$ cat data_11.txt   # compact mmCIF, C-alpha atoms and all ligand atoms
# COMPACT_ATOMS: atom_id res chain seq x y z
CA MET A 1 26.84 50.69 -123.19
CA THR A 2 30.47 51.68 -122.92
CA ALA A 3 32.75 50.81 -125.78
CA SER A 4 35.81 50.39 -123.60
CA THR A 5 34.49 47.49 -121.54
CA ALA A 6 34.27 44.19 -123.36
CA ASN A 7 31.61 41.99 -121.78
CA ALA A 8 31.62 43.94 -118.54
CA GLY A 9 28.73 41.80 -117.34
CA ALA A 10 30.64 38.52 -117.06
CA THR A 11 34.17 37.37 -116.35
CA ALA A 12 36.90 39.86 -117.26
CA PRO A 13 37.76 39.15 -120.91
CA ASP A 14 41.50 39.33 -120.66
CA GLU A 15 41.54 36.51 -118.13
CA ARG A 16 40.37 34.25 -120.93
CA THR A 17 42.51 33.48 -123.88
CA SER A 18 41.97 29.84 -124.73
CA GLY A 19 38.22 29.27 -124.60
CA ALA A 20 38.75 25.51 -124.37
CA GLY A 21 36.05 23.37 -122.87
CA LEU A 22 32.56 23.41 -124.30
CA LEU A 23 33.00 23.72 -128.05
CA ALA A 24 36.03 23.16 -130.23
CA VAL A 25 35.95 23.58 -134.00
CA GLU A 26 39.01 22.00 -135.56
CA ASP A 27 40.17 22.56 -139.15
CA LEU A 28 36.56 22.87 -140.24
CA VAL A 29 35.82 22.94 -143.96
CA VAL A 30 32.33 23.55 -145.36
CA GLU A 31 31.59 23.15 -149.05
CA TYR A 32 28.17 23.83 -150.51
CA PRO A 33 27.29 21.60 -153.46
CA GLY A 34 27.27 23.30 -156.87
CA LYS A 35 23.85 24.46 -158.01
CA GLY A 36 22.45 26.85 -160.67
CA TRP A 37 24.95 29.57 -161.64
CA ARG A 38 27.52 27.99 -159.33
CA SER A 39 27.98 24.63 -161.01
CA ARG A 40 31.06 23.68 -158.96
CA PRO A 41 31.02 23.09 -155.18
CA PHE A 42 31.65 26.29 -153.28
CA ARG A 43 34.07 26.27 -150.33
CA ALA A 44 32.49 28.66 -147.81
CA LEU A 45 34.79 27.82 -144.86
CA THR A 46 38.46 26.86 -144.94
CA GLU A 47 40.23 25.29 -141.96
CA ILE A 48 38.38 27.12 -139.22
CA ASN A 49 39.66 26.73 -135.68
CA ILE A 50 37.73 28.27 -132.80
CA SER A 51 36.79 27.26 -129.29
CA ILE A 52 34.34 28.42 -126.66
CA GLY A 53 34.52 27.77 -122.93
CA GLN A 54 31.63 27.40 -120.52
CA GLY A 55 30.07 30.80 -119.73
CA GLU A 56 32.10 32.46 -122.45
CA THR A 57 31.14 34.54 -125.47
CA LEU A 58 33.08 34.32 -128.69
CA GLY A 59 32.17 37.19 -131.00
CA LEU A 60 32.40 36.48 -134.72
CA VAL A 61 32.78 39.50 -137.00
CA GLY A 62 33.35 39.91 -140.71
CA GLU A 63 31.80 41.47 -143.77
CA SER A 64 28.75 40.10 -145.55
CA GLY A 65 29.51 36.78 -147.25
CA SER A 66 32.61 36.04 -145.16
CA GLY A 67 31.04 32.86 -143.77
CA LYS A 68 29.80 33.84 -140.29
CA THR A 69 26.33 32.35 -140.67
CA THR A 70 27.77 29.23 -142.31
CA LEU A 71 29.97 28.66 -139.27
CA GLY A 72 27.01 29.09 -136.92
CA ARG A 73 24.93 26.74 -139.06
CA ALA A 74 27.72 24.14 -139.14
CA VAL A 75 27.79 24.12 -135.32
CA LEU A 76 24.03 23.57 -135.36
CA GLY A 77 24.31 20.76 -137.91
CA LEU A 78 22.71 22.82 -140.69
CA ALA A 79 25.67 23.17 -143.07
CA PRO A 80 27.57 20.38 -144.86
CA VAL A 81 30.81 19.59 -143.01
CA THR A 82 33.31 18.36 -145.59
CA GLY A 83 36.44 18.42 -143.44
CA GLY A 84 37.60 18.83 -139.86
CA ARG A 85 35.61 18.29 -136.69
CA ILE A 86 33.15 19.99 -134.37
CA ILE A 87 33.61 18.81 -130.81
CA PHE A 88 30.89 19.59 -128.28
CA GLU A 89 31.53 18.54 -124.68
CA GLY A 90 34.27 16.22 -125.88
CA LYS A 91 32.15 14.47 -128.51
CA ASP A 92 32.50 14.81 -132.29
CA ILE A 93 29.12 16.09 -133.50
CA SER A 94 30.13 17.05 -137.05
CA HIS A 95 28.12 14.20 -138.55
CA ALA A 96 25.51 13.68 -135.84
CA THR A 97 22.38 11.79 -136.93
CA ARG A 98 18.93 13.38 -136.74
CA LYS A 99 18.24 11.46 -133.56
CA GLU A 100 21.49 12.66 -132.00
CA ARG A 101 20.67 16.23 -133.13
CA ARG A 102 17.30 16.07 -131.36
CA VAL A 103 19.10 15.25 -128.12
CA LEU A 104 21.73 17.92 -128.84
CA SER A 105 19.05 20.57 -129.39
CA ARG A 106 18.58 20.71 -125.60
CA ASP A 107 22.12 22.02 -125.27
CA LEU A 108 22.58 23.88 -128.55
CA GLN A 109 20.13 26.61 -129.47
CA VAL A 110 19.89 29.57 -131.82
CA VAL A 111 18.56 33.13 -131.92
CA PHE A 112 18.15 34.55 -135.43
CA GLN A 113 18.46 38.08 -136.69
CA ASP A 114 14.92 38.88 -137.68
CA PRO A 115 12.40 38.90 -134.83
CA TYR A 116 9.65 39.61 -137.38
CA THR A 117 10.01 36.31 -139.24
CA SER A 118 11.52 33.95 -136.67
CA LEU A 119 8.30 33.55 -134.65
CA ASN A 120 5.20 31.73 -135.91
CA PRO A 121 2.68 34.59 -136.31
CA ALA A 122 -0.30 32.29 -135.72
CA LEU A 123 0.82 31.03 -132.30
CA GLU A 124 0.37 32.76 -128.96
CA ILE A 125 3.62 33.49 -127.13
CA GLY A 126 2.81 30.83 -124.52
CA ASP A 127 2.54 28.17 -127.24
CA ILE A 128 5.73 29.38 -128.96
CA LEU A 129 7.63 28.96 -125.69
CA ALA A 130 5.96 25.67 -124.76
CA GLU A 131 6.74 24.05 -128.13
CA PRO A 132 10.37 23.02 -127.45
CA LEU A 133 9.35 21.87 -123.97
CA GLY A 134 6.61 19.64 -125.42
CA VAL A 135 9.00 18.19 -128.02
CA GLN A 136 11.34 17.19 -125.21
CA GLY A 137 8.49 15.50 -123.34
CA LYS A 138 7.70 18.01 -120.57
CA ALA A 139 4.22 17.57 -119.03
CA PRO A 140 1.80 20.49 -119.78
CA ALA A 141 1.70 21.77 -116.16
CA GLU A 142 5.48 21.73 -115.92
CA ALA A 143 5.74 23.47 -119.33
CA ARG A 144 3.30 26.23 -118.21
CA LYS A 145 5.41 26.87 -115.11
CA ARG A 146 8.60 27.03 -117.20
CA VAL A 147 6.94 29.45 -119.68
CA ARG A 148 6.10 31.83 -116.82
CA GLU A 149 9.69 31.62 -115.57
CA LEU A 150 11.03 32.34 -119.05
CA LEU A 151 8.83 35.41 -119.56
CA ASN A 152 10.05 36.75 -116.24
CA GLN A 153 13.67 35.99 -117.13
CA VAL A 154 13.53 38.01 -120.36
CA GLY A 155 11.57 40.90 -118.83
CA LEU A 156 8.19 40.32 -120.49
CA PRO A 157 4.86 40.62 -118.65
CA ALA A 158 3.07 37.42 -117.59
CA ASP A 159 0.05 38.28 -119.77
CA ALA A 160 2.27 37.97 -122.87
CA ILE A 161 1.37 34.27 -122.71
CA HIS A 162 -1.95 34.85 -124.48
CA ARG A 163 -0.78 37.43 -127.00
CA LEU A 164 0.39 37.05 -130.59
CA PRO A 165 3.83 38.11 -131.91
CA ARG A 166 2.30 40.98 -133.92
CA GLU A 167 1.26 42.68 -130.67
CA PHE A 168 4.92 43.17 -129.74
CA SER A 169 7.72 45.49 -130.84
CA GLY A 170 10.89 44.19 -132.49
CA GLY A 171 12.81 44.28 -129.20
CA GLN A 172 10.03 42.44 -127.36
CA ARG A 173 9.83 39.82 -130.10
CA GLN A 174 13.56 39.29 -129.81
CA ARG A 175 13.03 38.74 -126.07
CA VAL A 176 10.49 36.04 -126.97
CA ALA A 177 13.03 34.45 -129.34
CA ILE A 178 15.64 34.53 -126.56
CA ALA A 179 13.15 32.98 -124.11
CA ARG A 180 12.41 30.21 -126.63
CA ALA A 181 16.13 29.53 -127.04
CA LEU A 182 16.49 29.39 -123.24
CA ALA A 183 13.51 27.08 -122.69
CA LEU A 184 15.57 23.90 -122.39
CA SER A 185 18.45 25.53 -120.48
CA PRO A 186 21.00 25.16 -123.30
CA LYS A 187 24.75 25.28 -122.80
CA LEU A 188 25.50 27.19 -126.01
CA ILE A 189 23.40 29.63 -128.03
CA VAL A 190 24.37 30.60 -131.56
CA CYS A 191 23.23 34.22 -131.83
CA ASP A 192 23.15 35.17 -135.52
CA GLU A 193 23.03 38.99 -135.74
CA PRO A 194 20.38 39.04 -132.99
CA VAL A 195 20.35 42.82 -132.55
CA SER A 196 21.01 44.01 -136.11
CA ALA A 197 17.33 44.59 -136.88
CA LEU A 198 16.77 46.69 -133.74
CA ASP A 199 17.20 50.41 -133.15
CA LEU A 200 20.19 51.48 -131.07
CA SER A 201 18.56 51.91 -127.67
CA THR A 202 16.71 48.60 -128.04
CA GLN A 203 19.99 46.98 -129.12
CA ALA A 204 21.65 48.12 -125.89
CA ARG A 205 18.81 46.73 -123.75
CA VAL A 206 18.77 43.37 -125.56
CA LEU A 207 22.57 43.10 -125.29
CA ASP A 208 22.28 43.75 -121.56
CA LEU A 209 19.70 40.98 -121.39
CA PHE A 210 22.13 38.56 -123.08
CA LEU A 211 24.79 39.53 -120.53
CA GLN A 212 22.42 39.15 -117.57
CA ILE A 213 21.27 35.73 -118.77
CA GLN A 214 24.88 34.60 -119.11
CA LYS A 215 25.60 35.79 -115.59
CA ASP A 216 22.55 33.96 -114.21
CA THR A 217 22.80 30.71 -116.16
CA GLY A 218 26.44 30.33 -117.29
CA VAL A 219 25.33 29.85 -120.91
CA SER A 220 27.92 30.38 -123.65
CA TYR A 221 27.35 32.36 -126.84
CA LEU A 222 28.73 32.22 -130.35
CA PHE A 223 27.75 35.79 -131.13
CA ILE A 224 27.71 36.71 -134.82
CA SER A 225 27.63 40.36 -135.82
CA HIS A 226 29.02 42.69 -138.44
CA ASP A 227 29.19 45.47 -135.83
CA LEU A 228 32.53 45.69 -134.03
CA ASP A 229 31.10 47.80 -131.21
CA VAL A 230 28.37 45.28 -130.49
CA VAL A 231 30.87 42.43 -130.53
CA ARG A 232 33.30 44.27 -128.28
CA HIS A 233 30.54 44.94 -125.76
CA ILE A 234 29.23 41.39 -125.54
CA SER A 235 32.30 39.19 -126.12
CA HIS A 236 35.18 37.85 -124.08
CA ARG A 237 37.09 36.93 -127.22
CA VAL A 238 36.60 37.88 -130.86
CA ALA A 239 37.34 35.99 -134.08
CA VAL A 240 37.48 37.88 -137.37
CA MET A 241 36.36 36.18 -140.60
CA TYR A 242 37.44 37.08 -144.09
CA HIS A 243 36.63 35.05 -147.21
CA GLY A 244 35.80 31.93 -145.22
CA GLU A 245 38.87 32.03 -142.98
CA ILE A 246 39.59 33.28 -139.47
CA VAL A 247 42.26 35.91 -139.95
CA GLU A 248 42.60 37.03 -136.34
CA GLN A 249 41.31 36.06 -132.92
CA GLY A 250 42.04 37.12 -129.38
CA PRO A 251 40.68 39.03 -126.36
CA ALA A 252 37.76 41.25 -127.40
CA HIS A 253 39.28 44.54 -126.32
CA THR A 254 42.59 43.87 -128.08
CA VAL A 255 41.09 42.70 -131.37
CA THR A 256 38.54 45.53 -131.54
CA THR A 257 40.81 48.39 -130.52
CA ASN A 258 44.29 47.32 -131.52
CA PRO A 259 43.91 44.78 -134.32
CA GLU A 260 46.92 43.18 -135.96
CA HIS A 261 45.49 41.98 -139.23
CA PRO A 262 45.09 44.59 -142.00
CA TYR A 263 41.55 43.37 -142.71
CA THR A 264 40.47 43.92 -139.07
CA GLN A 265 42.14 47.34 -139.17
CA ARG A 266 40.08 48.19 -142.27
CA LEU A 267 36.90 46.93 -140.57
CA LEU A 268 37.60 49.15 -137.58
CA LEU A 269 38.31 52.21 -139.68
CA ALA A 270 35.30 51.66 -141.91
CA SER A 271 32.64 50.89 -139.31
CA PRO A 272 30.19 53.74 -138.67
CA VAL A 273 29.74 55.21 -135.19
CA PRO A 274 26.05 55.98 -134.90
CA ASP A 275 25.86 56.12 -131.10
CA PRO A 276 27.10 59.46 -129.66
CA ASP A 277 28.16 57.71 -126.41
CA ARG A 278 30.62 55.58 -128.35
CA GLN A 279 32.01 58.26 -130.63
CA GLU A 280 34.72 59.51 -128.32
CA GLN A 281 36.12 56.06 -127.68
CA ARG A 282 36.02 55.26 -131.39
CA ARG A 283 37.76 58.53 -132.32
CA ALA A 284 40.56 57.62 -129.89
CA ASP A 285 40.77 54.07 -131.33
CA ARG A 286 40.95 55.38 -134.88
CA HIS A 287 43.52 57.99 -134.00
CA ARG A 288 45.75 55.37 -132.35
CA LEU A 289 45.35 53.00 -135.28
CA LEU A 290 46.12 55.62 -137.90
CA GLU A 291 49.17 56.73 -135.91
CA ALA A 292 50.41 53.11 -135.73
CA GLN A 293 49.89 52.72 -139.48
CA ARG A 294 51.79 55.97 -140.17
CA ARG A 295 54.66 54.81 -137.95
CA GLN A 296 54.74 51.43 -139.75
CA ALA A 297 54.75 53.17 -143.15
CA SER A 298 57.59 55.51 -142.19
CA THR A 299 59.66 52.62 -140.76
CA ALA A 300 59.12 50.65 -143.98
CA ALA A 301 60.16 53.67 -146.07
N1 LIG A 401 23.03 27.18 -148.95
C1 LIG A 401 24.06 27.73 -149.63
N2 LIG A 401 24.43 27.23 -150.84
C2 LIG A 401 25.47 27.74 -151.53
N3 LIG A 401 26.22 28.79 -151.09
C3 LIG A 401 25.88 29.34 -149.90
C4 LIG A 401 24.79 28.85 -149.12
N4 LIG A 401 24.72 29.59 -147.98
C5 LIG A 401 25.71 30.51 -148.06
N5 LIG A 401 26.41 30.36 -149.20
C6 LIG A 401 27.57 31.15 -149.63
O1 LIG A 401 28.57 31.01 -148.63
C7 LIG A 401 29.26 32.26 -148.44
C8 LIG A 401 29.18 32.65 -146.97
O2 LIG A 401 27.82 32.97 -146.68
P1 LIG A 401 27.35 33.31 -145.19
O3 LIG A 401 25.87 33.56 -145.23
O4 LIG A 401 27.85 32.27 -144.29
O5 LIG A 401 28.14 34.68 -144.91
P2 LIG A 401 27.89 35.78 -143.78
O6 LIG A 401 29.23 36.27 -143.39
O7 LIG A 401 27.02 35.23 -142.72
O8 LIG A 401 27.12 36.89 -144.59
P3 LIG A 401 25.92 37.86 -144.07
O9 LIG A 401 26.52 38.74 -143.01
O10 LIG A 401 25.53 38.59 -145.32
O11 LIG A 401 24.85 36.95 -143.55
C9 LIG A 401 28.60 33.26 -149.37
O12 LIG A 401 29.39 33.37 -150.55
C10 LIG A 401 27.26 32.63 -149.70
O13 LIG A 401 26.82 32.99 -151.00
$ encode --input "data_11.txt" --output "structure tokens" --more "lines below"
Ligand SMILES: Nc1ncnc2c1ncn2[C@@H]1O[C@H](COP(=O)(O)OP(=O)(O)OP(=O)(O)O)[C@@H](O)[C@H]1O
Amino acid sequence: MTASTANAGATAPDERTSGAGLLAVEDLVVEYPGKGWRSRPFRALTEINISIGQGETLGLVGESGSGKTTLGRAVLGLAPVTGGRIIFEGKDISHATRKERRVLSRDLQVVFQDPYTSLNPALEIGDILAEPLGVQGKAPAEARKRVRELLNQVGLPADAIHRLPREFSGGQRQRVAIARALALSPKLIVCDEPVSALDLSTQARVLDLFLQIQKDTGVSYLFISHDLDVVRHISHRVAVMYHGEIVEQGPAHTVTTNPEHPYTQRLLLASPVPDPDRQEQRRADRHRLLEAQRRQASTAA
């Protein structure tokens, strides 16, 4: 993985700036009802505006509690929308009924962070992958064929069909979760920290798989991560969240190497650089950023 190339596997990121088309989130507000120690409703998202085009990845970064997961859940219909709209393929889905959500689930899928808890441990991989196909009414023979295709697509052996999740490593389990999300050929996948639980070399391979799948299928991703390097690698554009608001968004390379907002600058300076391959690039980024801050300070003085 090279830190300097944002989503090198798909369309050049800087050619994309609008992201209009598939998903548009307009002035979205999410308030959780008050409960327990929080007796008043809690506003987790305030006037969020993002959009994602077909075949595009929008990376969503921000510290813990900034509202990234809530935004992903709102898109999936799992968080209470109290204001604004979520438009998917031109249709307002912010208050979709359960029946409408079932239909939408063909096009809108999710991959969660933890490959150890997101798969039913009692089911064989073949059954895990066939489940969404059965729910959508695919005949068993057709479902079996699709399961074999999916295993091949995510780089798992055909005999994985009869094995249980516990027989696989974290990276392999995440491949199963990706295959399950792909089963119905969705248009958008919400990826909620899908590589955070994996070691670095496995992270790189799984990120490459996401890129390859996007190239092959044209799927779009809302890619949530707290890791700026991961987001830079996978995304065309990046949105930065802070206390339930988007404070900055733009082309991935610009936002992750030359951010404008002080919060993004702090994120960049604070994020660790565990991968030796990325250290040189990050040192250069930090140096440039610190220089720019020094220049700003001396101009202000
Ligand atoms: N079901 C809920 N009920 C009430 N408050 C919630 C609920 N889910 C999340 N929150 C609150 O909303 C805020 C945003 O949480 P969210 O999980 O979206 O942040 P995040 O950026 O994804 O954090 P992390 O990276 O730790 O997952 C937090 O203050 C959290 O406590």
$ residues_around --input "data_11.txt" --residues "A:Ala197" --least-positions-apart "5" --cutoff "8 Å" --atoms "all atoms listed in the file" --output "list of chain:residue names"
A:Gln113, A:Asp114, A:Pro115, A:Gly170
$ closest_residue --input "data_11.txt" --among "A:Arg180, A:Val247, A:Ser185, A:Lys68" --to "A:Asp216" --atoms "all atoms listed in the file"
A:Ser185
$ atom_distance --input "data_11.txt" --atom1 "atom O4 of ligand LIG 401 (chain A)" --atom2 "atom CA of A:Pro259"
22.7 Å
$ atom_distance --input "data_11.txt" --atom1 "atom CA of A:Leu76" --atom2 "atom CA of A:Gly137"
21.2 Å
$ closest_residue --input "data_11.txt" --among "A:Asp92, A:Asp27, A:Glu63, A:Glu131" --to "ligand LIG 401 (chain A)" --atoms "all atoms listed in the file"
A:Glu63
$ closest_residue --input "data_11.txt" --among "A:Leu133, A:Ile87, A:Ala181, A:Ile224" --to "ligand LIG 401 (chain A)" --atoms "only C-alpha atoms and all ligand atoms"
A:Ile224
$ atom_distance --input "data_11.txt" --atom1 "atom P2 of ligand LIG 401 (chain A)" --atom2 "atom CA of A:Ala122"
29.5 Å
$ residues_around --input "data_11.txt" --residues "A:Phe223" --least-positions-apart "6" --cutoff "7 Å" --atoms "only C-alpha atoms" --output "list in words"
Thr57, Leu58, Gly59, Leu60, Val190, Cys191 and Asp192 of chain A
$ closest_atom_pairs --input "data_11.txt" --of "chain A" --to "ligand LIG 401 (chain A)" --cutoff "12 Å" --atoms "all atoms listed in the file" --output "JSON lines"
{"residue": "A:Val29", "atom": "CA", "partner": "A:LIG401", "partner_atom": "O1", "distance": 11.8}
{"residue": "A:Val30", "atom": "CA", "partner": "A:LIG401", "partner_atom": "O1", "distance": 9.0}
{"residue": "A:Glu31", "atom": "CA", "partner": "A:LIG401", "partner_atom": "C2", "distance": 8.0}
{"residue": "A:Tyr32", "atom": "CA", "partner": "A:LIG401", "partner_atom": "C2", "distance": 4.9}
{"residue": "A:Pro33", "atom": "CA", "partner": "A:LIG401", "partner_atom": "C2", "distance": 6.7}
{"residue": "A:Gly34", "atom": "CA", "partner": "A:LIG401", "partner_atom": "C2", "distance": 7.2}
{"residue": "A:Lys35", "atom": "CA", "partner": "A:LIG401", "partner_atom": "C2", "distance": 7.4}
{"residue": "A:Gly36", "atom": "CA", "partner": "A:LIG401", "partner_atom": "C2", "distance": 9.7}
{"residue": "A:Trp37", "atom": "CA", "partner": "A:LIG401", "partner_atom": "C2", "distance": 10.3}
{"residue": "A:Arg38", "atom": "CA", "partner": "A:LIG401", "partner_atom": "C2", "distance": 8.1}
{"residue": "A:Ser39", "atom": "CA", "partner": "A:LIG401", "partner_atom": "C2", "distance": 10.3}
{"residue": "A:Arg40", "atom": "CA", "partner": "A:LIG401", "partner_atom": "C2", "distance": 10.1}
{"residue": "A:Pro41", "atom": "CA", "partner": "A:LIG401", "partner_atom": "C2", "distance": 8.1}
{"residue": "A:Phe42", "atom": "CA", "partner": "A:LIG401", "partner_atom": "N3", "distance": 6.4}
{"residue": "A:Arg43", "atom": "CA", "partner": "A:LIG401", "partner_atom": "O1", "distance": 7.5}
{"residue": "A:Ala44", "atom": "CA", "partner": "A:LIG401", "partner_atom": "O1", "distance": 4.6}
{"residue": "A:Leu45", "atom": "CA", "partner": "A:LIG401", "partner_atom": "C8", "distance": 7.7}
{"residue": "A:Thr46", "atom": "CA", "partner": "A:LIG401", "partner_atom": "C8", "distance": 11.1}
{"residue": "A:Leu60", "atom": "CA", "partner": "A:LIG401", "partner_atom": "O6", "distance": 9.2}
{"residue": "A:Val61", "atom": "CA", "partner": "A:LIG401", "partner_atom": "O6", "distance": 8.0}
{"residue": "A:Gly62", "atom": "CA", "partner": "A:LIG401", "partner_atom": "O6", "distance": 6.1}
{"residue": "A:Glu63", "atom": "CA", "partner": "A:LIG401", "partner_atom": "O6", "distance": 5.8}
{"residue": "A:Ser64", "atom": "CA", "partner": "A:LIG401", "partner_atom": "O10", "distance": 3.6}
{"residue": "A:Gly65", "atom": "CA", "partner": "A:LIG401", "partner_atom": "O5", "distance": 3.4}
{"residue": "A:Ser66", "atom": "CA", "partner": "A:LIG401", "partner_atom": "O6", "distance": 3.8}
{"residue": "A:Gly67", "atom": "CA", "partner": "A:LIG401", "partner_atom": "O4", "distance": 3.3}
{"residue": "A:Lys68", "atom": "CA", "partner": "A:LIG401", "partner_atom": "O7", "distance": 3.9}
{"residue": "A:Thr69", "atom": "CA", "partner": "A:LIG401", "partner_atom": "O7", "distance": 3.6}
{"residue": "A:Thr70", "atom": "CA", "partner": "A:LIG401", "partner_atom": "O4", "distance": 3.6}
{"residue": "A:Leu71", "atom": "CA", "partner": "A:LIG401", "partner_atom": "O4", "distance": 6.5}
{"residue": "A:Gly72", "atom": "CA", "partner": "A:LIG401", "partner_atom": "O4", "distance": 8.1}
{"residue": "A:Arg73", "atom": "CA", "partner": "A:LIG401", "partner_atom": "O4", "distance": 8.2}
{"residue": "A:Ala74", "atom": "CA", "partner": "A:LIG401", "partner_atom": "O4", "distance": 9.6}
{"residue": "A:Leu78", "atom": "CA", "partner": "A:LIG401", "partner_atom": "N1", "distance": 9.3}
{"residue": "A:Ala79", "atom": "CA", "partner": "A:LIG401", "partner_atom": "N1", "distance": 7.6}
{"residue": "A:Pro80", "atom": "CA", "partner": "A:LIG401", "partner_atom": "N1", "distance": 9.1}
{"residue": "A:Phe112", "atom": "CA", "partner": "A:LIG401", "partner_atom": "O11", "distance": 10.8}
{"residue": "A:Gln113", "atom": "CA", "partner": "A:LIG401", "partner_atom": "O11", "distance": 9.4}
{"residue": "A:Asp114", "atom": "CA", "partner": "A:LIG401", "partner_atom": "O11", "distance": 11.7}
{"residue": "A:Cys191", "atom": "CA", "partner": "A:LIG401", "partner_atom": "O7", "distance": 11.6}
{"residue": "A:Asp192", "atom": "CA", "partner": "A:LIG401", "partner_atom": "O7", "distance": 8.2}
{"residue": "A:Glu193", "atom": "CA", "partner": "A:LIG401", "partner_atom": "O9", "distance": 8.1}
{"residue": "A:Pro194", "atom": "CA", "partner": "A:LIG401", "partner_atom": "O11", "distance": 11.7}
{"residue": "A:Ser196", "atom": "CA", "partner": "A:LIG401", "partner_atom": "O9", "distance": 10.3}
{"residue": "A:Phe223", "atom": "CA", "partner": "A:LIG401", "partner_atom": "O7", "distance": 11.6}
{"residue": "A:Ile224", "atom": "CA", "partner": "A:LIG401", "partner_atom": "O7", "distance": 8.1}
{"residue": "A:Ser225", "atom": "CA", "partner": "A:LIG401", "partner_atom": "O9", "distance": 7.5}
{"residue": "A:His226", "atom": "CA", "partner": "A:LIG401", "partner_atom": "O9", "distance": 6.5}
{"residue": "A:Asp227", "atom": "CA", "partner": "A:LIG401", "partner_atom": "O9", "distance": 10.2}
{"residue": "A:Val240", "atom": "CA", "partner": "A:LIG401", "partner_atom": "O6", "distance": 10.3}
{"residue": "A:Met241", "atom": "CA", "partner": "A:LIG401", "partner_atom": "O6", "distance": 7.7}
{"residue": "A:Tyr242", "atom": "CA", "partner": "A:LIG401", "partner_atom": "O6", "distance": 8.3}
{"residue": "A:His243", "atom": "CA", "partner": "A:LIG401", "partner_atom": "C8", "distance": 7.8}
{"residue": "A:Gly244", "atom": "CA", "partner": "A:LIG401", "partner_atom": "C8", "distance": 6.9}
{"residue": "A:Glu245", "atom": "CA", "partner": "A:LIG401", "partner_atom": "C8", "distance": 10.5}
{"residue": "A:Ile246", "atom": "CA", "partner": "A:LIG401", "partner_atom": "O6", "distance": 11.5}
$ closest_residue --input "data_11.txt" --among "A:Ser220, A:Ser118, A:Gln136, A:Ser169" --to "A:Leu198" --atoms "all atoms listed in the file"
A:Ser169
